[in-house]
file target-v7.cif (mmCIF, C-alpha atoms)
data_start
loop_
_atom_site.label_atom_id
_atom_site.label_comp_id
_atom_site.auth_asym_id
_atom_site.auth_seq_id
_atom_site.Cartn_x
_atom_site.Cartn_y
_atom_site.Cartn_z
CA MET A 1 132.22 116.48 131.98
CA ASN A 2 132.76 112.94 130.78
CA ASN A 3 129.49 111.04 131.11
CA ARG A 4 130.54 107.99 129.08
CA TYR A 5 131.09 104.61 130.73
CA TRP A 6 132.50 101.43 129.22
CA PHE A 7 131.74 97.93 130.46
CA VAL A 8 134.55 95.74 129.19
CA GLY A 9 134.07 91.99 129.55
CA GLY A 10 136.88 89.44 129.30
CA GLU A 11 139.49 87.99 131.58
CA GLN A 12 140.54 91.17 133.42
CA GLY A 13 138.89 93.70 135.69
CA SER A 14 138.09 94.45 139.29
CA TRP A 15 134.73 92.65 139.12
CA ARG A 16 134.57 88.84 139.00
CA VAL A 17 131.57 87.25 137.27
CA THR A 18 129.57 84.90 139.50
CA ARG A 19 126.64 84.36 137.11
CA GLN A 20 125.87 85.35 133.54
CA ALA A 21 122.47 84.66 132.01
CA ALA A 22 120.43 85.63 128.95
CA ILE A 23 117.02 86.51 130.39
CA THR A 24 115.43 87.37 127.02
CA GLY A 25 116.95 87.05 123.55
CA ALA A 26 120.56 86.43 122.58
CA PRO A 27 123.24 85.98 125.27
CA LEU A 28 126.53 87.88 125.51
CA ALA A 29 129.78 85.92 125.08
CA SER A 30 130.79 84.37 128.38
CA ILE A 31 133.34 86.30 130.45
CA SER A 32 135.12 85.77 133.77
CA ARG A 33 135.82 89.41 134.69
CA LEU A 34 134.49 92.88 134.01
CA ASN A 35 136.13 96.30 133.92
CA VAL A 36 134.03 99.45 134.42
CA VAL A 37 135.81 102.46 132.89
CA GLN A 38 134.69 106.09 132.67
CA ALA A 39 136.33 107.28 129.43
CA GLU A 40 135.59 108.97 126.12
CA ALA A 41 137.24 106.26 123.97
CA ALA A 42 137.03 102.48 124.21
CA PRO A 43 139.69 101.25 126.65
CA SER A 44 142.17 98.76 125.22
CA VAL A 45 142.18 95.67 127.43
CA ALA A 46 143.82 92.38 126.43
CA GLY A 47 141.40 89.48 126.06
CA THR A 48 138.28 91.65 125.65
CA ARG A 49 135.21 89.63 124.57
CA TRP A 50 132.84 92.59 124.42
CA ALA A 51 132.76 96.29 125.30
CA LEU A 52 129.45 98.06 125.88
CA GLN A 53 129.17 101.83 126.23
CA GLY A 54 126.53 104.15 127.61
CA LEU A 55 126.01 107.78 128.64
CA THR A 56 124.52 109.09 131.86
CA SER A 57 121.88 111.75 131.15
CA ASN A 58 118.94 113.72 132.52
CA VAL A 59 115.84 111.94 133.85
CA ARG A 60 113.35 110.94 131.16
CA TYR A 61 110.18 110.02 133.08
CA ALA A 62 110.42 111.03 136.75
CA THR A 63 108.22 113.87 138.00
CA LYS A 64 109.28 116.64 140.37
CA ASP A 65 108.02 114.73 143.44
CA GLU A 66 109.61 111.48 142.30
CA VAL A 67 112.95 113.17 141.63
CA ALA A 68 112.88 114.80 145.09
CA THR A 69 112.15 111.45 146.76
CA LEU A 70 114.84 109.66 144.72
CA ARG A 71 117.46 112.31 145.51
CA SER A 72 116.67 112.17 149.24
CA LYS A 73 117.01 108.37 149.44
CA GLN A 74 119.49 107.15 146.83
CA GLU A 75 123.23 106.68 147.28
CA SER A 76 125.88 106.48 144.57
CA PRO A 77 127.84 103.40 143.47
CA GLY A 78 131.29 103.10 145.04
CA ARG A 79 130.38 102.51 148.71
CA ALA A 80 133.00 100.45 150.56
CA GLY A 81 130.47 97.79 151.60
CA SER A 82 129.05 97.33 148.09
CA THR A 83 131.03 94.23 147.15
CA MET A 84 128.28 92.83 144.92
CA ALA A 85 127.12 94.28 141.62
CA ALA A 86 125.01 93.53 138.56
CA LEU A 87 125.19 94.79 135.00
CA ILE A 88 121.84 94.48 133.22
CA PRO A 89 121.86 95.45 129.53
CA ILE A 90 118.37 95.82 128.04
CA LYS A 91 116.99 96.44 124.56
CA LYS A 92 113.40 97.55 124.09
CA SER A 93 111.31 96.97 120.97
CA ALA A 94 110.72 99.39 118.09
CA ARG A 95 107.09 99.45 119.29
CA TRP A 96 108.27 101.07 122.55
CA TRP A 97 110.35 103.74 120.86
CA ASP A 98 107.54 104.65 118.46
CA LEU A 99 105.31 105.52 121.41
CA ALA A 100 104.82 109.18 122.37
CA GLN A 101 106.25 110.52 125.63
CA ASP A 102 102.94 110.36 127.56
CA GLU A 103 102.33 106.77 126.42
CA ARG A 104 105.79 105.65 127.56
CA ARG A 105 105.44 107.50 130.86
CA ALA A 106 102.03 105.85 131.50
CA ILE A 107 103.46 102.37 130.98
CA PHE A 108 106.70 103.13 132.85
CA GLU A 109 105.13 104.51 136.00
CA GLU A 110 101.31 104.60 136.13
CA THR A 111 100.94 100.92 135.21
CA SER A 112 104.42 99.46 135.89
CA HIS A 113 105.49 101.59 138.90
CA HIS A 114 109.12 101.39 137.80
CA THR A 115 110.34 104.28 139.98
CA ALA A 116 108.11 103.29 142.90
CA ILE A 117 109.49 99.72 142.88
CA GLY A 118 113.08 100.99 142.80
CA LEU A 119 112.35 103.33 145.73
CA ASP A 120 111.45 100.32 147.89
CA TYR A 121 115.10 99.21 147.70
CA LEU A 122 116.79 102.53 148.46
CA PRO A 123 119.35 103.23 149.74
CA ALA A 124 120.42 99.55 149.88
CA ILE A 125 120.59 99.08 146.09
CA ALA A 126 122.66 101.81 144.40
CA ARG A 127 121.92 102.28 140.69
CA ARG A 128 123.39 104.15 137.73
CA LEU A 129 121.61 104.21 134.35
CA HIS A 130 123.53 104.53 131.07
CA HIS A 131 121.80 105.35 127.76
CA SER A 132 123.12 103.45 124.72
CA ARG A 133 120.39 103.41 122.08
CA ASP A 134 121.26 106.68 120.34
CA LEU A 135 124.87 105.47 120.03
CA GLY A 136 123.80 102.56 117.80
CA GLU A 137 124.77 100.05 120.51
CA PRO A 138 123.31 96.52 120.72
CA PHE A 139 121.41 97.49 123.90
CA ASP A 140 119.31 100.58 124.70
CA PHE A 141 120.25 100.78 128.38
CA LEU A 142 122.99 99.47 130.64
CA THR A 143 121.95 99.56 134.27
CA TRP A 144 124.60 99.15 136.93
CA PHE A 145 123.60 98.10 140.46
CA GLU A 146 125.78 97.84 143.58
CA PHE A 147 124.92 96.51 147.02
CA ALA A 148 126.22 94.72 150.09
CA PRO A 149 125.91 90.89 150.27
CA GLN A 150 123.09 91.11 152.85
CA HIS A 151 120.93 92.85 150.22
CA SER A 152 121.46 90.23 147.54
CA GLU A 153 118.04 88.63 148.11
CA ALA A 154 116.33 92.01 148.07
CA PHE A 155 117.98 92.69 144.72
CA ASP A 156 116.68 89.38 143.33
CA GLN A 157 113.20 90.39 144.48
CA LEU A 158 113.56 93.80 142.78
CA LEU A 159 114.36 92.07 139.48
CA VAL A 160 111.39 89.70 139.79
CA ARG A 161 109.01 92.61 140.43
CA LEU A 162 110.30 94.67 137.50
CA ARG A 163 110.19 91.73 135.09
CA GLU A 164 106.52 91.13 135.93
CA THR A 165 105.49 94.63 134.85
CA PRO A 166 103.72 95.63 131.60
CA GLU A 167 106.83 97.68 130.76
CA TRP A 168 108.86 94.47 130.46
CA SER A 169 106.63 93.22 127.62
CA PHE A 170 108.57 95.77 125.53
CA VAL A 171 111.95 94.26 126.49
CA GLU A 172 113.19 92.15 123.59
CA ARG A 173 116.68 91.45 124.89
CA GLU A 174 117.97 91.32 128.47
CA VAL A 175 121.20 89.93 129.89
CA GLU A 176 122.11 89.68 133.56
CA VAL A 177 125.74 89.68 134.74
CA ARG A 178 126.25 89.23 138.49
CA LEU A 179 129.55 90.28 139.99
CA LEU A 180 131.73 90.20 143.07
CA ARG A 181 134.37 92.82 143.71
CA GLY A 182 138.05 92.07 144.17
CA GLU A 183 140.30 89.09 144.04
CA ILE A 184 139.52 85.52 144.90
CA VAL A 185 141.16 84.89 148.26
CA VAL A 186 142.72 81.42 148.30
CA PRO A 187 143.23 80.42 151.97
CA MET B 1 120.94 102.59 111.46
CA ASN B 2 123.25 105.58 111.46
CA ASN B 3 121.49 108.44 113.24
CA ARG B 4 124.53 110.70 113.56
CA TYR B 5 124.80 113.94 111.56
CA TRP B 6 127.76 116.29 111.24
CA PHE B 7 127.50 119.98 110.43
CA VAL B 8 130.89 120.99 109.10
CA GLY B 9 131.50 124.71 108.70
CA GLY B 10 134.29 126.21 106.58
CA GLU B 11 134.85 127.05 102.95
CA GLN B 12 133.27 123.98 101.35
CA GLY B 13 129.85 122.41 101.22
CA SER B 14 126.59 122.43 99.32
CA TRP B 15 125.09 125.15 101.53
CA ARG B 16 126.25 128.77 101.23
CA VAL B 17 126.00 130.97 104.32
CA THR B 18 123.89 134.10 103.82
CA ARG B 19 123.82 135.23 107.47
CA GLN B 20 125.47 134.06 110.66
CA ALA B 21 124.55 135.57 114.02
CA ALA B 22 125.04 134.91 117.74
CA ILE B 23 121.56 135.34 119.20
CA THR B 24 122.60 134.57 122.80
CA GLY B 25 126.09 133.94 124.17
CA ALA B 26 129.29 133.26 122.26
CA PRO B 27 129.30 133.20 118.43
CA LEU B 28 130.68 130.43 116.23
CA ALA B 29 133.71 131.19 114.03
CA SER B 30 132.57 132.77 110.79
CA ILE B 31 132.19 130.40 107.80
CA SER B 32 131.21 130.79 104.15
CA ARG B 33 129.89 127.28 103.48
CA LEU B 34 128.41 124.34 105.35
CA ASN B 35 128.47 120.61 104.73
CA VAL B 36 125.77 118.35 106.23
CA VAL B 37 127.04 114.78 106.48
CA GLN B 38 125.34 111.68 107.88
CA ALA B 39 128.28 109.63 109.19
CA GLU B 40 129.58 107.83 112.27
CA ALA B 41 132.97 109.57 112.28
CA ALA B 42 133.85 113.24 111.79
CA PRO B 43 134.27 113.88 108.05
CA SER B 44 137.65 115.26 107.01
CA VAL B 45 137.08 118.47 105.04
CA ALA B 46 139.88 120.90 104.19
CA GLY B 47 139.46 124.34 105.75
CA THR B 48 137.05 123.21 108.48
CA ARG B 49 136.44 125.92 111.10
CA TRP B 50 134.07 123.87 113.25
CA ALA B 51 132.26 120.53 113.17
CA LEU B 52 129.15 119.98 115.28
CA GLN B 53 127.55 116.56 115.71
CA GLY B 54 124.14 115.39 116.87
CA LEU B 55 121.96 112.28 116.97
CA THR B 56 118.34 111.94 115.90
CA SER B 57 116.30 110.15 118.57
CA ASN B 58 112.82 109.39 119.92
CA VAL B 59 110.44 112.22 120.89
CA ARG B 60 111.01 113.58 124.40
CA TYR B 61 107.89 115.70 125.11
CA ALA B 62 105.20 115.16 122.47
CA THR B 63 102.02 113.33 123.49
CA LYS B 64 100.20 110.72 121.43
CA ASP B 65 97.85 113.30 119.89
CA GLU B 66 100.69 115.72 119.16
CA VAL B 67 102.79 112.98 117.54
CA ALA B 68 99.84 111.94 115.36
CA THR B 69 99.25 115.52 114.24
CA LEU B 70 102.98 116.11 113.60
CA ARG B 71 103.30 112.90 111.56
CA SER B 72 100.24 113.74 109.46
CA LYS B 73 101.51 117.24 108.58
CA GLN B 74 105.32 117.28 108.55
CA GLU B 75 107.58 116.61 105.58
CA SER B 76 111.25 115.62 105.63
CA PRO B 77 114.24 117.75 104.65
CA GLY B 78 115.49 117.15 101.10
CA ARG B 79 112.55 118.46 99.06
CA ALA B 80 113.60 119.84 95.66
CA GLY B 81 112.07 123.25 96.34
CA SER B 82 113.73 123.70 99.73
CA THR B 83 116.63 125.86 98.62
CA MET B 84 116.82 127.75 101.91
CA ALA B 85 117.89 126.32 105.25
CA ALA B 86 118.88 127.29 108.77
CA LEU B 87 121.07 125.58 111.34
CA ILE B 88 120.24 126.68 114.88
CA PRO B 89 122.50 125.29 117.62
CA ILE B 90 121.15 125.83 121.14
CA LYS B 91 122.47 125.22 124.64
CA LYS B 92 120.12 125.24 127.62
CA SER B 93 121.11 126.03 131.20
CA ALA B 94 121.97 123.55 133.96
CA ARG B 95 118.75 124.76 135.64
CA TRP B 96 116.75 123.32 132.72
CA TRP B 97 118.45 119.93 132.82
CA ASP B 98 118.02 119.62 136.58
CA LEU B 99 114.24 119.91 136.17
CA ALA B 100 112.12 116.76 136.30
CA GLN B 101 110.36 115.47 133.18
CA ASP B 102 106.93 116.91 134.10
CA GLU B 103 108.44 120.33 134.85
CA ARG B 104 110.25 120.44 131.50
CA ARG B 105 107.14 119.25 129.66
CA ALA B 106 105.00 121.94 131.35
CA ILE B 107 107.39 124.71 130.27
CA PHE B 108 107.95 123.23 126.80
CA GLU B 109 104.32 122.85 125.83
CA GLU B 110 101.72 123.95 128.40
CA THR B 111 103.26 127.42 128.82
CA SER B 112 105.51 127.80 125.74
CA HIS B 113 103.46 125.84 123.15
CA HIS B 114 106.63 124.75 121.37
CA THR B 115 105.02 121.94 119.36
CA ALA B 116 101.86 123.96 118.72
CA ILE B 117 103.87 126.89 117.30
CA GLY B 118 105.86 124.54 115.04
CA LEU B 119 102.63 122.97 113.77
CA ASP B 120 101.48 126.35 112.47
CA TYR B 121 104.34 126.24 109.91
CA LEU B 122 103.88 122.68 108.64
CA PRO B 123 104.42 121.38 106.08
CA ALA B 124 106.18 124.52 104.75
CA ILE B 125 109.06 124.43 107.23
CA ALA B 126 110.73 120.99 107.35
CA ARG B 127 112.66 120.31 110.56
CA ARG B 128 115.09 117.69 111.89
CA LEU B 129 116.25 117.76 115.52
CA HIS B 130 119.68 116.43 116.56
CA HIS B 131 120.60 115.76 120.22
CA SER B 132 124.15 116.73 121.21
CA ARG B 133 124.23 117.28 124.97
CA ASP B 134 124.97 113.70 126.03
CA LEU B 135 127.92 113.66 123.59
CA GLY B 136 129.67 116.45 125.52
CA GLU B 137 129.20 118.85 122.59
CA PRO B 138 129.23 122.67 123.00
CA PHE B 139 125.48 122.77 122.19
CA ASP B 140 122.59 120.61 123.49
CA PHE B 141 120.60 120.63 120.25
CA LEU B 142 121.21 121.30 116.58
CA THR B 143 117.98 122.01 114.74
CA TRP B 144 118.00 121.92 110.96
CA PHE B 145 115.23 123.67 109.02
CA GLU B 146 114.55 123.64 105.25
CA PHE B 147 112.03 125.61 103.24
CA ALA B 148 111.30 127.29 99.92
CA PRO B 149 112.17 131.01 99.52
CA GLN B 150 108.49 132.01 99.66
CA HIS B 151 108.36 130.71 103.25
CA SER B 152 111.37 132.66 104.43
CA GLU B 153 109.27 135.32 106.19
CA ALA B 154 107.12 132.67 107.84
CA PHE B 155 110.29 131.07 109.17
CA ASP B 156 111.46 134.42 110.62
CA GLN B 157 108.09 134.70 112.35
CA LEU B 158 108.43 131.16 113.76
CA LEU B 159 111.78 132.11 115.32
CA VAL B 160 110.37 135.30 116.84
CA ARG B 161 107.47 133.41 118.41
CA LEU B 162 109.70 130.67 119.87
CA ARG B 163 112.22 133.16 121.27
CA GLU B 164 109.43 134.99 123.14
CA THR B 165 108.43 131.86 125.08
CA PRO B 166 109.23 131.06 128.75
CA GLU B 167 111.19 128.03 127.45
CA TRP B 168 113.71 130.38 125.85
CA SER B 169 114.63 131.89 129.24
CA PHE B 170 116.54 128.61 129.71
CA VAL B 171 118.54 129.10 126.49
CA GLU B 172 122.02 130.34 127.42
CA ARG B 173 123.60 130.06 123.97
CA GLU B 174 122.01 130.24 120.53
CA VAL B 175 123.55 130.73 117.10
CA GLU B 176 121.66 131.17 113.82
CA VAL B 177 123.22 130.19 110.48
CA ARG B 178 121.07 130.95 107.40
CA LEU B 179 121.86 129.11 104.18
CA LEU B 180 121.17 128.92 100.48
CA ARG B 181 121.63 125.71 98.53
CA GLY B 182 123.92 125.33 95.57
CA GLU B 183 126.42 127.40 93.67
CA ILE B 184 126.48 131.10 93.15
CA VAL B 185 125.45 131.68 89.54
CA VAL B 186 127.55 134.43 87.99
CA PRO B 187 125.72 135.66 84.87
#

call {"tool": "encode", "arguments": {"input": "target-v7.cif", "output": "structure tokens"}}
result
Amino acid sequence: MNNRYWFVGGEQGSWRVTRQAAITGAPLASISRLNVVQAEAAPSVAGTRWALQGLTSNVRYATKDEVATLRSKQESPGRAGSTMAALIPIKKSARWWDLAQDERRAIFEETSHHTAIGLDYLPAIARRLHHSRDLGEPFDFLTWFEFAPQHSEAFDQLLVRLRETPEWSFVEREVEVRLLRGEIVVP
Amino acid sequence: MNNRYWFVGGEQGSWRVTRQAAITGAPLASISRLNVVQAEAAPSVAGTRWALQGLTSNVRYATKDEVATLRSKQESPGRAGSTMAALIPIKKSARWWDLAQDERRAIFEETSHHTAIGLDYLPAIARRLHHSRDLGEPFDFLTWFEFAPQHSEAFDQLLVRLRETPEWSFVEREVEVRLLRGEIVVP
């Protein structure tokens, strides 16, 4: 299995950037297009401004019931109608990572309802989580979202709800890259 | 931070192999010496038979109380008197990794008492855990143990107790490499 994904920002790629914002902390260099590549080694793309990598992995917080509910409702990225996407790289503080498993779980779900909030937007918002922290990357997580244009407002609402949670007080850097699939059609 | 460690088996290295055994599943190619190297890239060592890599990371199961107890009792590898060591690579089954977090925690600690058993041997047995699964390695974990010769029997007992637990029914491959530090002194 290859579980490594690269997000290569620059002037090429099948995703066109419609908005790029630093939500917390330092921004990423501005790009016009993004390539998403599943590969072991960093892809070589002319004009690359940055390349972020992450690994898909097992669940870290979800309980048996939560996993069952997630699996019954969620759909994978790659649906034909999902022409909109977002890449949200996040770095959490050292204070978060020093916490024990039960402390992180309590903040993640019992007080912040992270999984429960996400469930409200399934199956409309497809999501894939990539772990980066152990690789020494600048971010701890890269989350990739895909959805149809009619769910764009719902996605905005999802972000607002997550960013209001106690869990987000541990986020020390967050960037949001919004994307549209395919070429610009000039009539 | 560089949190990546390489365990390079062959004919060179500061650790001499005293015993190498396949406990469950396929063995590793036989080696006479082992190098332990903290580095981003695979070290180039003549005569290498195998090189295993893993990353240190945050705790995955321990609760706040368990972490506090561990931190108050454990010592790090590298003590002058720790002339004996063991490298134990382990691979768990797909059935384990498909379990939710609460199911894995329940097996790991509530029924198998993994942390509790380890605590019985602190600070005598120093331990460092390396995560390998997300890197596509042949093993999921590489655990490194160090201790003084007078604790060798206690270490054997620790292994027996862990291998009797329900958690170990999920181990589908396990190799044990026992080591002695330094040169062979020929009188």

call {"tool": "interface_residues", "arguments": {"input": "target-v7.cif", "of": "chain A", "to": "chain B", "cutoff": "9 Å", "atoms": "all atoms listed in the file", "output": "ChimeraX atom specification"}}
result
/A:1-4,55-67,97-103,133-136

call {"tool": "calpha_fit_and_write", "arguments": {"input": "target-v7.cif", "fixed": "chain B", "moving": "chain A", "output": "short mmCIF file (atom, residue, chain, number, x, y, z; two decimals) with C-alpha atoms, in the frame of the given file"}}
result
data_model
loop_
_atom_site.label_atom_id
_atom_site.label_comp_id
_atom_site.auth_asym_id
_atom_site.auth_seq_id
_atom_site.Cartn_x
_atom_site.Cartn_y
_atom_site.Cartn_z
CA MET A 1 120.97 102.58 111.47
CA ASN A 2 123.25 105.58 111.48
CA ASN A 3 121.49 108.44 113.26
CA ARG A 4 124.54 110.71 113.57
CA TYR A 5 124.81 113.94 111.57
CA TRP A 6 127.76 116.29 111.25
CA PHE A 7 127.50 119.98 110.44
CA VAL A 8 130.89 121.00 109.10
CA GLY A 9 131.50 124.72 108.68
CA GLY A 10 134.30 126.21 106.58
CA GLU A 11 134.87 127.06 102.96
CA GLN A 12 133.28 123.98 101.35
CA GLY A 13 129.84 122.41 101.22
CA SER A 14 126.59 122.43 99.32
CA TRP A 15 125.09 125.15 101.53
CA ARG A 16 126.26 128.77 101.23
CA VAL A 17 126.01 130.97 104.32
CA THR A 18 123.90 134.10 103.82
CA ARG A 19 123.82 135.21 107.47
CA GLN A 20 125.48 134.06 110.67
CA ALA A 21 124.55 135.57 114.02
CA ALA A 22 125.04 134.89 117.73
CA ILE A 23 121.56 135.32 119.18
CA THR A 24 122.59 134.56 122.79
CA GLY A 25 126.08 133.93 124.15
CA ALA A 26 129.29 133.26 122.26
CA PRO A 27 129.31 133.20 118.43
CA LEU A 28 130.69 130.42 116.23
CA ALA A 29 133.71 131.19 114.03
CA SER A 30 132.56 132.76 110.79
CA ILE A 31 132.18 130.42 107.80
CA SER A 32 131.20 130.80 104.15
CA ARG A 33 129.88 127.28 103.49
CA LEU A 34 128.41 124.34 105.35
CA ASN A 35 128.46 120.60 104.73
CA VAL A 36 125.77 118.35 106.24
CA VAL A 37 127.05 114.77 106.49
CA GLN A 38 125.34 111.67 107.90
CA ALA A 39 128.28 109.61 109.21
CA GLU A 40 129.56 107.82 112.30
CA ALA A 41 132.97 109.57 112.32
CA ALA A 42 133.85 113.23 111.80
CA PRO A 43 134.27 113.87 108.06
CA SER A 44 137.65 115.25 107.03
CA VAL A 45 137.09 118.45 105.05
CA ALA A 46 139.88 120.90 104.19
CA GLY A 47 139.47 124.33 105.75
CA THR A 48 137.05 123.21 108.49
CA ARG A 49 136.43 125.93 111.11
CA TRP A 50 134.07 123.87 113.25
CA ALA A 51 132.25 120.53 113.17
CA LEU A 52 129.15 119.97 115.29
CA GLN A 53 127.55 116.56 115.73
CA GLY A 54 124.15 115.38 116.88
CA LEU A 55 121.96 112.27 116.99
CA THR A 56 118.35 111.92 115.91
CA SER A 57 116.30 110.15 118.60
CA ASN A 58 112.83 109.40 119.92
CA VAL A 59 110.45 112.21 120.89
CA ARG A 60 111.01 113.58 124.40
CA TYR A 61 107.90 115.69 125.11
CA ALA A 62 105.20 115.15 122.48
CA THR A 63 102.02 113.33 123.49
CA LYS A 64 100.20 110.70 121.44
CA ASP A 65 97.85 113.29 119.88
CA GLU A 66 100.69 115.70 119.16
CA VAL A 67 102.79 112.98 117.54
CA ALA A 68 99.84 111.92 115.35
CA THR A 69 99.25 115.52 114.24
CA LEU A 70 102.98 116.10 113.58
CA ARG A 71 103.30 112.89 111.56
CA SER A 72 100.25 113.76 109.44
CA LYS A 73 101.52 117.25 108.56
CA GLN A 74 105.32 117.28 108.53
CA GLU A 75 107.58 116.61 105.56
CA SER A 76 111.24 115.62 105.62
CA PRO A 77 114.24 117.76 104.64
CA GLY A 78 115.49 117.17 101.09
CA ARG A 79 112.54 118.49 99.04
CA ALA A 80 113.60 119.85 95.65
CA GLY A 81 112.07 123.28 96.31
CA SER A 82 113.72 123.70 99.72
CA THR A 83 116.63 125.87 98.61
CA MET A 84 116.83 127.76 101.91
CA ALA A 85 117.91 126.32 105.25
CA ALA A 86 118.89 127.29 108.78
CA LEU A 87 121.08 125.58 111.34
CA ILE A 88 120.24 126.68 114.89
CA PRO A 89 122.50 125.28 117.62
CA ILE A 90 121.15 125.83 121.14
CA LYS A 91 122.47 125.22 124.64
CA LYS A 92 120.12 125.24 127.61
CA SER A 93 121.11 126.03 131.19
CA ALA A 94 121.96 123.56 133.96
CA ARG A 95 118.76 124.79 135.64
CA TRP A 96 116.76 123.33 132.72
CA TRP A 97 118.45 119.94 132.83
CA ASP A 98 118.00 119.65 136.60
CA LEU A 99 114.23 119.92 136.17
CA ALA A 100 112.11 116.75 136.31
CA GLN A 101 110.36 115.47 133.18
CA ASP A 102 106.92 116.91 134.08
CA GLU A 103 108.44 120.33 134.84
CA ARG A 104 110.24 120.45 131.49
CA ARG A 105 107.15 119.25 129.64
CA ALA A 106 105.01 121.95 131.33
CA ILE A 107 107.38 124.71 130.25
CA PHE A 108 107.95 123.23 126.78
CA GLU A 109 104.32 122.83 125.82
CA GLU A 110 101.72 123.96 128.38
CA THR A 111 103.27 127.42 128.81
CA SER A 112 105.51 127.79 125.72
CA HIS A 113 103.46 125.85 123.13
CA HIS A 114 106.64 124.76 121.36
CA THR A 115 105.02 121.94 119.35
CA ALA A 116 101.85 123.96 118.70
CA ILE A 117 103.88 126.88 117.29
CA GLY A 118 105.87 124.55 115.02
CA LEU A 119 102.63 122.96 113.76
CA ASP A 120 101.49 126.36 112.46
CA TYR A 121 104.34 126.24 109.92
CA LEU A 122 103.88 122.69 108.64
CA PRO A 123 104.43 121.39 106.05
CA ALA A 124 106.18 124.54 104.73
CA ILE A 125 109.07 124.43 107.24
CA ALA A 126 110.73 121.00 107.36
CA ARG A 127 112.67 120.30 110.56
CA ARG A 128 115.10 117.69 111.89
CA LEU A 129 116.26 117.75 115.52
CA HIS A 130 119.68 116.42 116.56
CA HIS A 131 120.60 115.75 120.21
CA SER A 132 124.16 116.73 121.20
CA ARG A 133 124.22 117.28 124.96
CA ASP A 134 124.97 113.70 126.02
CA LEU A 135 127.91 113.67 123.58
CA GLY A 136 129.67 116.45 125.52
CA GLU A 137 129.21 118.86 122.60
CA PRO A 138 129.22 122.67 123.00
CA PHE A 139 125.48 122.76 122.19
CA ASP A 140 122.59 120.62 123.48
CA PHE A 141 120.59 120.62 120.25
CA LEU A 142 121.21 121.29 116.57
CA THR A 143 117.99 122.01 114.73
CA TRP A 144 118.00 121.91 110.96
CA PHE A 145 115.23 123.68 109.01
CA GLU A 146 114.56 123.65 105.25
CA PHE A 147 112.04 125.62 103.24
CA ALA A 148 111.31 127.30 99.92
CA PRO A 149 112.18 131.02 99.51
CA GLN A 150 108.49 132.04 99.66
CA HIS A 151 108.37 130.73 103.25
CA SER A 152 111.39 132.68 104.44
CA GLU A 153 109.27 135.33 106.20
CA ALA A 154 107.13 132.68 107.85
CA PHE A 155 110.32 131.08 109.17
CA ASP A 156 111.47 134.42 110.63
CA GLN A 157 108.10 134.71 112.36
CA LEU A 158 108.44 131.16 113.76
CA LEU A 159 111.79 132.11 115.32
CA VAL A 160 110.39 135.31 116.84
CA ARG A 161 107.49 133.40 118.42
CA LEU A 162 109.71 130.67 119.88
CA ARG A 163 112.23 133.16 121.27
CA GLU A 164 109.45 134.98 123.14
CA THR A 165 108.44 131.87 125.08
CA PRO A 166 109.23 131.05 128.74
CA GLU A 167 111.19 128.04 127.45
CA TRP A 168 113.72 130.39 125.84
CA SER A 169 114.63 131.89 129.23
CA PHE A 170 116.54 128.61 129.70
CA VAL A 171 118.54 129.10 126.48
CA GLU A 172 122.02 130.32 127.40
CA ARG A 173 123.60 130.06 123.97
CA GLU A 174 122.00 130.24 120.52
CA VAL A 175 123.55 130.73 117.09
CA GLU A 176 121.67 131.16 113.83
CA VAL A 177 123.21 130.18 110.48
CA ARG A 178 121.09 130.93 107.40
CA LEU A 179 121.86 129.11 104.19
CA LEU A 180 121.17 128.91 100.49
CA ARG A 181 121.62 125.70 98.55
CA GLY A 182 123.93 125.32 95.57
CA GLU A 183 126.41 127.40 93.72
CA ILE A 184 126.42 131.12 93.18
CA VAL A 185 125.36 131.64 89.58
CA VAL A 186 127.43 134.42 88.01
CA PRO A 187 125.53 135.68 84.92
#

call {"tool": "resolve_selection", "arguments": {"input": "target-v7.cif", "expression": "the PyMOL selection byres ((chain B and resi 169) around 12)", "output": "compact mmCIF listing (two decimals) with C-alpha atoms, in the coordinates of the input"}}
result
# COMPACT_ATOMS: atom_id res chain seq x y z
CA THR B 24 122.60 134.57 122.80
CA LYS B 91 122.47 125.22 124.64
CA LYS B 92 120.12 125.24 127.62
CA SER B 93 121.11 126.03 131.20
CA ARG B 95 118.75 124.76 135.64
CA TRP B 96 116.75 123.32 132.72
CA ILE B 107 107.39 124.71 130.27
CA PHE B 108 107.95 123.23 126.80
CA SER B 112 105.51 127.80 125.74
CA LEU B 162 109.70 130.67 119.87
CA ARG B 163 112.22 133.16 121.27
CA GLU B 164 109.43 134.99 123.14
CA THR B 165 108.43 131.86 125.08
CA PRO B 166 109.23 131.06 128.75
CA GLU B 167 111.19 128.03 127.45
CA TRP B 168 113.71 130.38 125.85
CA PHE B 170 116.54 128.61 129.71
CA VAL B 171 118.54 129.10 126.49
CA GLU B 172 122.02 130.34 127.42
CA ARG B 173 123.60 130.06 123.97
CA GLU B 174 122.01 130.24 120.53

call {"tool": "residues_around", "arguments": {"input": "target-v7.cif", "residues": "Ala46 of chain A", "least_positions_apart": "2", "cutoff": "9 Å", "atoms": "all atoms listed in the file", "output": "list in words"}}
result
Gly10, Glu11, Gln12, Ser44 and Thr48 of chain A

call {"tool": "resolve_selection", "arguments": {"input": "target-v7.cif", "expression": "the PyMOL selection byres ((chain A and resi 74) around 8)", "output": "mmCIF file with C-alpha atoms, in the coordinates of the input"}}
result
data_model
loop_
_atom_site.group_PDB
_atom_site.id
_atom_site.type_symbol
_atom_site.label_atom_id
_atom_site.label_comp_id
_atom_site.auth_asym_id
_atom_site.auth_seq_id
_atom_site.Cartn_x
_atom_site.Cartn_y
_atom_site.Cartn_z
ATOM 1 C CA LEU A 70 114.840 109.660 144.720
ATOM 2 C CA ARG A 71 117.460 112.310 145.510
ATOM 3 C CA SER A 72 116.670 112.170 149.240
ATOM 4 C CA LYS A 73 117.010 108.370 149.440
ATOM 5 C CA GLU A 75 123.230 106.680 147.280
ATOM 6 C CA SER A 76 125.880 106.480 144.570
ATOM 7 C CA LEU A 122 116.790 102.530 148.460
ATOM 8 C CA PRO A 123 119.350 103.230 149.740
ATOM 9 C CA ALA A 126 122.660 101.810 144.400
#
